[in-house]
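Participant: File name my_file_9.cif; file contents mmCIF, C-alpha atoms; full text below.
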```
data_coords
#
loop_
_atom_site.label_atom_id
_atom_site.label_comp_id
_atom_site.auth_asym_id
_atom_site.auth_seq_id
_atom_site.Cartn_x
_atom_site.Cartn_y
_atom_site.Cartn_z
CA MET I 40 3.99 24.00 -12.00
CA THR I 41 4.82 21.50 -9.28
CA ILE I 42 3.00 18.20 -8.84
CA ASP I 43 3.96 16.49 -5.60
CA LEU I 44 3.56 12.78 -5.00
CA TYR I 45 3.78 11.50 -1.46
CA HIS I 46 4.91 7.92 -1.75
CA ILE I 47 7.09 5.04 -0.64
CA SER I 48 9.03 3.17 -3.30
CA LEU I 49 8.17 -0.37 -2.21
CA SER I 50 4.41 0.25 -2.46
CA SER I 51 2.96 -1.10 -5.71
CA PRO I 52 0.15 1.52 -5.84
CA CYS I 53 2.83 4.22 -5.53
CA ARG I 54 4.92 2.51 -8.19
CA ALA I 55 1.89 2.37 -10.48
CA VAL I 56 1.33 6.13 -10.21
CA ARG I 57 5.00 6.84 -10.92
CA LEU I 58 5.05 4.51 -13.93
CA ALA I 59 1.82 6.02 -15.26
CA ALA I 60 3.16 9.55 -14.85
CA LYS I 61 6.31 8.58 -16.73
CA LEU I 62 4.25 7.05 -19.51
CA ILE I 63 1.95 10.07 -19.71
CA GLY I 64 4.86 12.50 -19.62
CA VAL I 65 4.22 14.15 -16.25
CA ASP I 66 7.12 15.10 -14.00
CA LEU I 67 6.46 14.38 -10.32
CA ASN I 68 8.17 15.94 -7.34
CA LEU I 69 8.61 12.89 -5.11
CA LYS I 70 8.19 13.20 -1.36
CA VAL I 71 8.94 10.03 0.59
CA ILE I 72 6.62 9.17 3.47
CA ASN I 73 8.18 6.69 5.90
CA ILE I 74 5.18 4.75 7.16
CA PHE I 75 7.44 2.75 9.46
CA GLU I 76 8.20 6.01 11.28
CA TRP I 77 4.47 6.88 11.31
CA GLU I 78 4.94 9.91 9.06
CA HIS I 79 1.55 9.16 7.51
CA LEU I 80 -0.10 9.90 10.87
CA THR I 81 1.27 13.41 11.36
CA PRO I 82 -1.26 16.27 11.52
CA GLU I 83 0.21 17.72 8.32
CA PHE I 84 -0.31 14.50 6.39
CA LEU I 85 -3.78 13.89 7.80
CA LYS I 86 -4.86 17.28 6.48
CA MET I 87 -4.08 16.01 3.00
CA ASN I 88 -5.52 12.53 3.52
CA PRO I 89 -7.58 11.68 6.61
CA GLN I 90 -7.36 8.00 5.59
CA HIS I 91 -3.57 8.23 6.15
CA THR I 92 -2.81 6.11 3.08
CA ILE I 93 -0.34 6.60 0.27
CA PRO I 94 0.03 7.62 -2.48
CA VAL I 95 -1.26 11.18 -2.24
CA LEU I 96 -1.07 13.67 -5.10
CA ASN I 97 -0.85 17.41 -4.60
CA ASP I 98 -1.42 19.23 -7.86
CA ASN I 99 -1.01 22.88 -6.82
CA GLY I 100 -3.35 22.55 -3.84
CA PHE I 101 -5.63 19.90 -5.34
CA TYR I 102 -5.21 16.76 -3.24
CA LEU I 103 -6.11 13.32 -4.55
CA THR I 104 -5.74 9.88 -3.02
CA GLU I 105 -6.16 6.32 -4.33
CA SER I 106 -3.63 5.29 -6.96
CA ARG I 107 -6.07 4.43 -9.72
CA ALA I 108 -7.94 7.72 -9.30
CA ILE I 109 -4.61 9.55 -9.47
CA MET I 110 -3.65 7.70 -12.65
CA THR I 111 -6.92 8.53 -14.41
CA TYR I 112 -6.65 12.15 -13.26
CA LEU I 113 -3.13 12.56 -14.62
CA ALA I 114 -4.07 10.92 -17.91
CA SER I 115 -7.23 13.02 -18.27
CA LYS I 116 -5.61 16.35 -17.40
CA TYR I 117 -2.13 16.02 -18.83
CA GLY I 118 -2.19 13.14 -21.30
CA THR I 119 -1.72 13.70 -25.01
CA ASN I 120 -1.64 10.02 -26.03
CA TYR I 121 -5.32 9.22 -25.70
CA SER I 122 -4.83 5.50 -26.20
CA LEU I 123 -3.47 5.35 -22.63
CA TYR I 124 -6.85 6.50 -21.29
CA PRO I 125 -9.27 6.92 -24.19
CA LYS I 126 -11.69 9.78 -24.70
CA ASP I 127 -14.22 7.40 -26.26
CA VAL I 128 -16.69 6.55 -23.49
CA GLN I 129 -16.88 2.83 -24.17
CA LYS I 130 -13.14 2.38 -24.59
CA LYS I 131 -12.56 4.37 -21.40
CA ALA I 132 -15.10 2.18 -19.61
CA ILE I 133 -13.07 -0.92 -20.53
CA VAL I 134 -9.94 0.64 -19.06
CA ASP I 135 -11.86 1.62 -15.91
CA GLN I 136 -13.23 -1.90 -15.68
CA LYS I 137 -9.72 -3.34 -15.73
CA LEU I 138 -8.58 -0.83 -13.09
CA PHE I 139 -11.38 -2.02 -10.82
CA PHE I 140 -10.52 -5.61 -11.73
CA ASP I 141 -7.00 -4.98 -10.54
CA MET I 142 -8.18 -3.45 -7.28
CA GLU I 143 -10.82 -6.01 -6.37
CA ILE I 144 -9.65 -9.24 -7.99
CA ILE I 145 -5.87 -9.20 -8.39
CA PHE I 146 -4.55 -6.79 -5.72
CA GLN I 147 -6.93 -7.82 -2.92
CA PRO I 148 -5.63 -11.38 -2.31
CA PHE I 149 -2.09 -10.02 -2.01
CA LYS I 150 -3.24 -7.27 0.34
CA ASP I 151 -5.19 -9.77 2.46
CA TYR I 152 -1.95 -11.64 3.05
CA PHE I 153 0.60 -8.84 3.19
CA LEU I 154 -1.13 -6.16 5.29
CA PRO I 155 -1.50 -8.37 8.40
CA LEU I 156 2.15 -9.31 7.97
CA VAL I 157 3.15 -5.63 8.00
CA LEU I 158 0.99 -5.16 11.10
CA LYS I 159 3.08 -7.89 12.73
CA LYS I 160 0.26 -10.44 12.91
CA GLY I 161 2.48 -13.10 11.39
CA HIS I 162 2.64 -15.22 8.26
CA ASP I 163 -0.74 -16.76 7.36
CA GLU I 164 -0.05 -19.80 5.18
CA VAL I 165 -3.68 -20.15 4.10
CA LYS I 166 -3.84 -16.56 2.82
CA PHE I 167 -0.39 -16.95 1.30
CA GLN I 168 -1.49 -19.95 -0.75
CA GLU I 169 -4.61 -18.05 -1.88
CA ILE I 170 -2.68 -15.12 -3.40
CA PRO I 171 -2.70 -16.45 -7.00
CA ARG I 172 -6.26 -17.79 -6.89
CA ASN I 173 -7.61 -15.17 -9.31
CA LEU I 174 -4.79 -15.25 -11.85
CA PRO I 175 -6.77 -17.60 -14.14
CA PHE I 176 -9.17 -14.68 -14.75
CA LEU I 177 -6.32 -12.47 -15.93
CA GLU I 178 -4.93 -15.35 -17.98
CA LYS I 179 -8.29 -15.63 -19.78
CA ILE I 180 -8.52 -11.88 -20.39
CA LEU I 181 -5.12 -11.98 -22.10
CA GLU I 182 -5.92 -15.06 -24.16
CA ASN I 183 -6.86 -13.08 -27.27
CA SER I 184 -5.57 -9.65 -26.32
CA GLU I 185 -2.06 -8.25 -26.28
CA PHE I 186 -2.88 -5.95 -23.38
CA VAL I 187 -5.58 -6.03 -20.71
CA ALA I 188 -7.89 -3.50 -22.36
CA GLY I 189 -7.22 -4.26 -26.01
CA GLY I 190 -4.45 -3.99 -28.57
CA SER I 191 -2.46 -1.14 -27.01
CA ILE I 192 -1.07 -0.41 -23.58
CA THR I 193 -3.20 1.63 -21.17
CA ILE I 194 -2.94 2.80 -17.58
CA ALA I 195 -4.80 -0.39 -16.62
CA ASP I 196 -1.77 -2.40 -17.72
CA VAL I 197 0.40 -0.17 -15.54
CA ALA I 198 -1.76 -0.83 -12.48
CA LEU I 199 -1.87 -4.56 -13.09
CA VAL I 200 1.80 -5.02 -13.91
CA THR I 201 2.84 -3.53 -10.57
CA THR I 202 0.40 -5.79 -8.75
CA VAL I 203 1.56 -8.87 -10.64
CA SER I 204 5.16 -7.98 -9.81
CA ASN I 205 4.16 -8.34 -6.15
CA TYR I 206 3.12 -11.90 -6.91
CA GLU I 207 6.55 -12.55 -8.33
CA VAL I 208 8.10 -11.07 -5.19
CA VAL I 209 6.47 -13.72 -3.01
CA GLY I 210 7.41 -16.56 -5.35
CA VAL I 211 4.40 -17.06 -7.61
CA ASP I 212 5.61 -18.77 -10.81
CA LEU I 213 4.13 -16.69 -13.62
CA ARG I 214 5.37 -19.19 -16.20
CA LYS I 215 2.40 -21.35 -15.22
CA PHE I 216 0.27 -18.67 -16.90
CA PRO I 217 1.70 -18.25 -20.43
CA ASN I 218 -0.53 -15.34 -21.45
CA ILE I 219 0.26 -13.43 -18.27
CA HIS I 220 3.94 -14.21 -18.62
CA ARG I 221 3.97 -12.97 -22.23
CA TRP I 222 2.13 -9.76 -21.31
CA TYR I 223 4.25 -9.21 -18.18
CA THR I 224 7.48 -9.56 -20.17
CA THR I 225 6.21 -7.15 -22.83
CA CYS I 226 5.24 -4.52 -20.26
CA GLN I 227 8.66 -4.70 -18.64
CA LYS I 228 10.28 -4.02 -22.01
CA ILE I 229 8.12 -1.13 -23.19
CA LEU I 230 7.22 0.80 -20.03
CA PRO I 231 9.60 3.73 -19.61
CA GLY I 232 11.32 3.73 -16.23
CA TYR I 233 10.26 0.18 -15.42
CA ASP I 234 13.54 -0.95 -13.87
CA GLU I 235 14.15 2.30 -12.03
CA ILE I 236 10.64 2.47 -10.59
CA ASN I 237 9.01 -0.93 -10.44
CA LEU I 238 11.88 -3.38 -10.39
CA LYS I 239 13.77 -1.40 -7.76
CA GLY I 240 10.65 -1.05 -5.61
CA ALA I 241 9.84 -4.75 -5.96
CA VAL I 242 13.33 -5.64 -4.74
CA GLU I 243 12.77 -3.46 -1.67
CA LEU I 244 9.39 -5.12 -1.11
CA LYS I 245 10.97 -8.56 -1.30
CA GLU I 246 13.56 -7.61 1.30
CA LEU I 247 10.78 -6.40 3.59
CA TRP I 248 8.73 -9.56 3.01
CA GLU I 249 11.63 -11.84 3.80
CA ASP I 250 12.42 -9.86 6.95
CA LEU I 251 8.82 -9.86 8.18
CA LYS I 252 8.30 -13.51 7.39
CA SER I 253 11.44 -14.50 9.28
CA LYS I 254 10.06 -12.87 12.40
#
```
Since I need it in another form, could you write the structure as C-alpha coordinates?
Facilitator:
Amino acid sequence: MTIDLYHISLSSPCRAVRLAAKLIGVDLNLKVINIFEWEHLTPEFLKMNPQHTIPVLNDNGFYLTESRAIMTYLASKYGTNYSLYPKDVQKKAIVDQKLFFDMEIIFQPFKDYFLPLVLKKGHDEVKFQEIPRNLPFLEKILENSEFVAGGSITIADVALVTTVSNYEVVGVDLRKFPNIHRWYTTCQKILPGYDEINLKGAVELKELWEDLKSK
(Lines of atoms letter the chains of each structure in order from A and count residues from 1; the text may use other names and numbers.)
(Lines give C-alpha, C1' and ligand atoms only; values in the text may rest on other atoms or scores of the structure.)
Protein backbone atom coordinates (compact mmCIF):
# COMPACT_ATOMS: atom_id res chain seq x y z
CA MET A 1 0.00 0.00 0.00
CA THR A 2 1.43 3.34 -1.07
CA ILE A 3 -0.02 6.68 -0.01
CA ASP A 4 1.55 9.56 -1.90
CA LEU A 5 1.56 13.13 -0.65
CA TYR A 6 2.40 15.88 -3.08
CA HIS A 7 3.78 18.69 -0.98
CA ILE A 8 6.34 21.40 -0.35
CA SER A 9 8.01 21.48 3.04
CA LEU A 10 7.62 25.20 3.75
CA SER A 11 3.83 25.09 3.33
CA SER A 12 2.04 24.94 6.68
CA PRO A 13 -0.97 23.00 5.28
CA CYS A 14 1.48 20.42 3.93
CA ARG A 15 3.30 20.34 7.25
CA ALA A 16 -0.01 19.82 9.04
CA VAL A 17 -0.84 16.76 6.92
CA ARG A 18 2.61 15.28 7.51
CA LEU A 19 2.41 15.87 11.28
CA ALA A 20 -1.09 14.40 11.41
CA ALA A 21 -0.01 11.33 9.45
CA LYS A 22 2.90 10.82 11.83
CA LEU A 23 0.59 11.14 14.82
CA ILE A 24 -1.97 8.75 13.31
CA GLY A 25 0.71 6.27 12.30
CA VAL A 26 0.44 6.51 8.52
CA ASP A 27 3.54 6.34 6.35
CA LEU A 28 3.49 8.79 3.45
CA ASN A 29 5.49 8.60 0.25
CA LEU A 30 6.51 12.25 -0.16
CA LYS A 31 6.62 13.81 -3.60
CA VAL A 32 7.91 17.38 -3.69
CA ILE A 33 6.12 19.83 -5.98
CA ASN A 34 8.23 22.90 -6.74
CA ILE A 35 5.62 25.62 -7.15
CA PHE A 36 8.36 28.12 -7.98
CA GLU A 37 9.10 26.04 -11.08
CA TRP A 38 5.35 25.83 -11.86
CA GLU A 39 5.23 22.08 -11.34
CA HIS A 40 1.72 22.49 -9.93
CA LEU A 41 0.53 23.66 -13.35
CA THR A 42 1.65 20.65 -15.37
CA PRO A 43 -1.06 18.61 -17.13
CA GLU A 44 -0.20 15.62 -14.92
CA PHE A 45 -0.72 17.58 -11.72
CA LEU A 46 -3.89 19.29 -12.95
CA LYS A 47 -5.43 15.87 -13.55
CA MET A 48 -5.07 15.21 -9.84
CA ASN A 49 -6.12 18.69 -8.72
CA PRO A 50 -7.62 21.19 -11.17
CA GLN A 51 -7.24 23.87 -8.47
CA HIS A 52 -3.44 23.39 -8.73
CA THR A 53 -2.97 23.66 -4.97
CA ILE A 54 -0.99 21.56 -2.55
CA PRO A 55 -1.11 19.31 -0.63
CA VAL A 56 -2.65 16.52 -2.69
CA LEU A 57 -3.09 12.97 -1.40
CA ASN A 58 -3.12 9.93 -3.64
CA ASP A 59 -4.31 6.89 -1.75
CA ASN A 60 -4.06 4.15 -4.39
CA GLY A 61 -5.91 6.19 -7.02
CA PHE A 62 -8.15 8.12 -4.63
CA TYR A 63 -7.16 11.78 -4.89
CA LEU A 64 -7.95 14.27 -2.15
CA THR A 65 -7.07 17.93 -1.77
CA GLU A 66 -7.38 20.47 1.07
CA SER A 67 -5.18 19.76 4.08
CA ARG A 68 -7.92 19.54 6.68
CA ALA A 69 -9.98 17.15 4.55
CA ILE A 70 -6.88 15.00 4.09
CA MET A 71 -6.25 14.96 7.84
CA THR A 72 -9.79 13.89 8.68
CA TYR A 73 -9.67 11.24 5.94
CA LEU A 74 -6.43 9.73 7.23
CA ALA A 75 -7.70 9.74 10.81
CA SER A 76 -11.04 8.20 9.82
CA LYS A 77 -9.60 5.49 7.58
CA TYR A 78 -6.35 4.59 9.29
CA GLY A 79 -6.54 5.94 12.83
CA THR A 80 -6.67 3.63 15.83
CA ASN A 81 -6.43 6.33 18.51
CA TYR A 82 -9.94 7.71 18.29
CA SER A 83 -9.21 10.63 20.58
CA LEU A 84 -7.33 12.26 17.67
CA TYR A 85 -10.56 12.39 15.65
CA PRO A 86 -13.41 11.00 17.75
CA LYS A 87 -16.11 8.62 16.59
CA ASP A 88 -18.64 10.33 18.88
CA VAL A 89 -20.59 12.73 16.67
CA GLN A 90 -20.56 15.67 19.06
CA LYS A 91 -16.90 15.32 19.98
CA LYS A 92 -16.03 15.02 16.28
CA ALA A 93 -18.08 18.14 15.57
CA ILE A 94 -15.96 20.10 18.06
CA VAL A 95 -12.79 18.98 16.30
CA ASP A 96 -14.30 19.90 12.92
CA GLN A 97 -15.31 23.27 14.32
CA LYS A 98 -11.74 23.99 15.37
CA LEU A 99 -10.44 22.89 11.96
CA PHE A 100 -12.77 25.40 10.32
CA PHE A 101 -11.76 27.97 12.93
CA ASP A 102 -8.16 27.47 11.90
CA MET A 103 -8.97 27.85 8.21
CA GLU A 104 -11.23 30.90 8.44
CA ILE A 105 -10.04 32.77 11.53
CA ILE A 106 -6.37 31.99 12.18
CA PHE A 107 -4.89 30.97 8.81
CA GLN A 108 -6.73 33.53 6.67
CA PRO A 109 -5.06 36.72 7.99
CA PHE A 110 -1.64 35.17 7.38
CA LYS A 111 -2.66 34.06 3.89
CA ASP A 112 -4.06 37.52 3.10
CA TYR A 113 -0.62 38.96 3.78
CA PHE A 114 1.68 36.22 2.52
CA LEU A 115 0.05 35.14 -0.76
CA PRO A 116 0.33 38.58 -2.42
CA LEU A 117 3.95 38.66 -1.26
CA VAL A 118 4.63 35.33 -3.00
CA LEU A 119 2.91 36.70 -6.11
CA LYS A 120 5.44 39.55 -6.01
CA LYS A 121 2.91 42.25 -5.17
CA GLY A 122 5.09 43.53 -2.36
CA HIS A 123 4.97 43.86 1.41
CA ASP A 124 1.64 45.27 2.64
CA GLU A 125 2.26 46.77 6.08
CA VAL A 126 -1.45 47.10 6.87
CA LYS A 127 -2.10 43.40 6.22
CA PHE A 128 1.11 42.51 8.03
CA GLN A 129 -0.02 44.30 11.18
CA GLU A 130 -3.42 42.58 10.96
CA ILE A 131 -1.99 39.03 11.02
CA PRO A 132 -2.43 38.49 14.80
CA ARG A 133 -5.81 40.23 15.04
CA ASN A 134 -7.71 37.00 15.75
CA LEU A 135 -5.30 35.45 18.23
CA PRO A 136 -7.40 36.70 21.20
CA PHE A 137 -10.10 34.22 20.10
CA LEU A 138 -7.64 31.33 20.30
CA GLU A 139 -6.34 32.66 23.60
CA LYS A 140 -9.89 32.54 25.00
CA ILE A 141 -10.52 29.03 23.69
CA LEU A 142 -7.42 27.81 25.52
CA GLU A 143 -8.25 29.63 28.74
CA ASN A 144 -9.80 26.58 30.39
CA SER A 145 -8.68 23.86 28.01
CA GLU A 146 -5.33 22.15 27.60
CA PHE A 147 -5.91 21.64 23.88
CA VAL A 148 -8.17 23.37 21.37
CA ALA A 149 -10.90 20.72 21.37
CA GLY A 150 -10.71 19.55 24.97
CA GLY A 151 -8.38 17.71 27.30
CA SER A 152 -6.43 15.68 24.73
CA ILE A 153 -4.62 16.47 21.52
CA THR A 154 -6.54 16.14 18.24
CA ILE A 155 -5.86 16.79 14.57
CA ALA A 156 -7.28 20.29 15.13
CA ASP A 157 -4.28 21.07 17.33
CA VAL A 158 -2.01 19.85 14.54
CA ALA A 159 -3.63 22.18 12.02
CA LEU A 160 -3.52 25.15 14.35
CA VAL A 161 0.02 24.63 15.62
CA THR A 162 1.41 24.77 12.08
CA THR A 163 -0.54 27.95 11.39
CA VAL A 164 0.59 29.56 14.63
CA SER A 165 4.19 28.65 13.80
CA ASN A 166 3.77 30.85 10.70
CA TYR A 167 2.93 33.73 13.00
CA GLU A 168 6.16 33.13 14.86
CA VAL A 169 8.02 33.10 11.54
CA VAL A 170 6.97 36.67 10.81
CA GLY A 171 7.79 37.89 14.31
CA VAL A 172 4.53 37.70 16.25
CA ASP A 173 5.40 37.49 19.97
CA LEU A 174 3.35 34.58 21.26
CA ARG A 175 4.40 35.34 24.83
CA LYS A 176 1.80 38.11 24.77
CA PHE A 177 -0.77 35.30 24.73
CA PRO A 178 0.08 33.06 27.72
CA ASN A 179 -2.51 30.37 26.99
CA ILE A 180 -1.43 30.10 23.37
CA HIS A 181 2.22 30.08 24.38
CA ARG A 182 1.61 27.29 26.91
CA TRP A 183 -0.35 25.20 24.38
CA TYR A 184 2.16 25.89 21.59
CA THR A 185 5.08 24.79 23.77
CA THR A 186 3.24 21.62 24.80
CA CYS A 187 2.43 20.69 21.19
CA GLN A 188 6.06 21.12 20.17
CA LYS A 189 7.10 18.70 22.91
CA ILE A 190 4.56 15.95 22.33
CA LEU A 191 3.97 15.89 18.57
CA PRO A 192 6.13 13.20 16.99
CA GLY A 193 8.32 14.55 14.20
CA TYR A 194 7.69 18.17 15.13
CA ASP A 195 11.25 19.40 14.63
CA GLU A 196 11.84 17.37 11.50
CA ILE A 197 8.59 18.41 9.86
CA ASN A 198 7.29 21.68 11.25
CA LEU A 199 10.33 23.41 12.64
CA LYS A 200 12.41 22.66 9.56
CA GLY A 201 9.63 23.82 7.25
CA ALA A 202 9.09 26.99 9.28
CA VAL A 203 12.78 27.83 8.97
CA GLU A 204 12.50 27.48 5.19
CA LEU A 205 9.39 29.67 5.22
CA LYS A 206 11.21 32.34 7.20
CA GLU A 207 14.06 32.37 4.70
CA LEU A 208 11.56 32.81 1.88
CA TRP A 209 9.73 35.57 3.74
CA GLU A 210 12.89 37.51 4.42
CA ASP A 211 13.96 37.16 0.79
CA LEU A 212 10.60 38.27 -0.59
CA LYS A 213 10.28 41.14 1.83
CA SER A 214 13.73 42.44 0.94
CA LYS A 215 12.70 42.70 -2.68
Participant: What residues come out when you apply the PyMOL selection byres ((chain I and resi 240-249) around 12) to this file, written as a count of residues only?
Facilitator: 48
Participant: For CA of Pro171 in chain I and CA of Ile145 in chain I, determine how far apart the two atoms are, in Å to one decimal place.
Facilitator: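 Atom-to-atom, CA of Pro171 in chain I to CA of Ile145 in chain I, that is 8.0 Å.
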Participant: From the list I:Lys166, I:Lys70, I:Lys137, I:Lys86, which residue is nearest Ala188 in chain I when using all atoms listed in the file?
Facilitator: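 Nearest to Ala188 in chain I: I:Lys137.
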Participant: Quick one: contact table of range 192-254 of chain I to range 115-127 of chain I, 9 Å max, nearest atom pair and distance in Å to one decimal per residue, counting all atoms listed in the file, chain and number order, as CSV?
Facilitator:
```
residue,atom,partner,partner_atom,distance
I:Ile192,CA,I:Leu123,CA,6.3
I:Thr193,CA,I:Leu123,CA,4.0
I:Ile194,CA,I:Leu123,CA,5.7
I:Ala195,CA,I:Leu123,CA,8.4
```
Participant: Could you spell out the hits of the PyMOL selection byres ((chain I and resi 65) around 9) on the shown file, as a count of residues only?
Facilitator: 12
Participant: Would you list the contacts of Gly100 in chain I as a PyMOL selection string, taking every protein, DNA or RNA residue within 10 Å and counting only C-alpha atoms, but skipping same-chain residues closer than 5 positions in sequence?
Facilitator: chain I and resi 41-43+87
Participant: Using only C-alpha atoms, find the one residue out of I:Cys226, I:Leu96, I:Leu199, I:Leu174 that sits nearest to Phe139 in chain I.
Facilitator: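 Between I:Cys226, I:Leu96, I:Leu199, I:Leu174, the residue approaching Phe139 in chain I most closely is I:Leu199.
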Participant: Mind pulling up the distance from CA of Leu44 in chain I to CA of Leu80 in chain I?
Facilitator: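 CA of Leu44 in chain I lies at a distance of 16.5 Å from CA of Leu80 in chain I.
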Participant: Can you tell me how far CA of Ile72 in chain I sits from CA of Leu138 in chain I, in Å to one decimal?
Facilitator: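 Between these atoms lies a distance of 24.6 Å.
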Participant: Please provide the set of residues having any atom within 10 Å of Glu178 in chain I, restricted to all atoms listed in the file, with same-chain residues fewer than 2 positions apart removed, written as a list in words.
Facilitator: Asn173, Leu174, Pro175, Phe176, Ile180, Leu181, Glu182, Asn183, Val187, Lys215, Phe216, Pro217, Asn218, Ile219, His220 and Trp222 of chain I
Participant: Measuring atom to atom with all atoms listed in the file, identify which of I:Lys179, I:Val197, I:Asp212, I:Asn73 is nearest to Gln227 in chain I.
Facilitator: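 The closest residue to Gln227 in chain I is I:Val197.
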Participant: Draw an axis-aligned box tight on the listed atoms of range 130-140 of chain I, then pad every side by 4 Å and write out centre and edge lengths in Å to one decimal as AutoDock Vina command-line options.
Facilitator:
```
--center_x -11.8 --center_y -0.6 --center_z -17.7 --size_x 14.5 --size_y 18.0 --size_z 21.8
```
Participant: Find the residues around Asn88 in chain I up to 12 Å (all atoms listed in the file counted), leave out those fewer than 2 positions away in its own chain, and share them as an NGL selection string.
Facilitator: :I and (45 or 79-86 or 90-97 or 101-105)
Participant: Taking into account all atoms listed in the file, which residue in the set I:Asp163, I:Ile133, I:Thr225, I:Val56 is nearest to Leu69 in chain I?
Facilitator: I:Val56
Participant: My list of candidates is I:Glu78, I:Asp98, I:Asp151, I:Glu185. Which is closest to Ile170 in chain I when distances are computed with all atoms listed in the file?
Facilitator: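 Under the stated criterion, the closest residue is I:Asp151.
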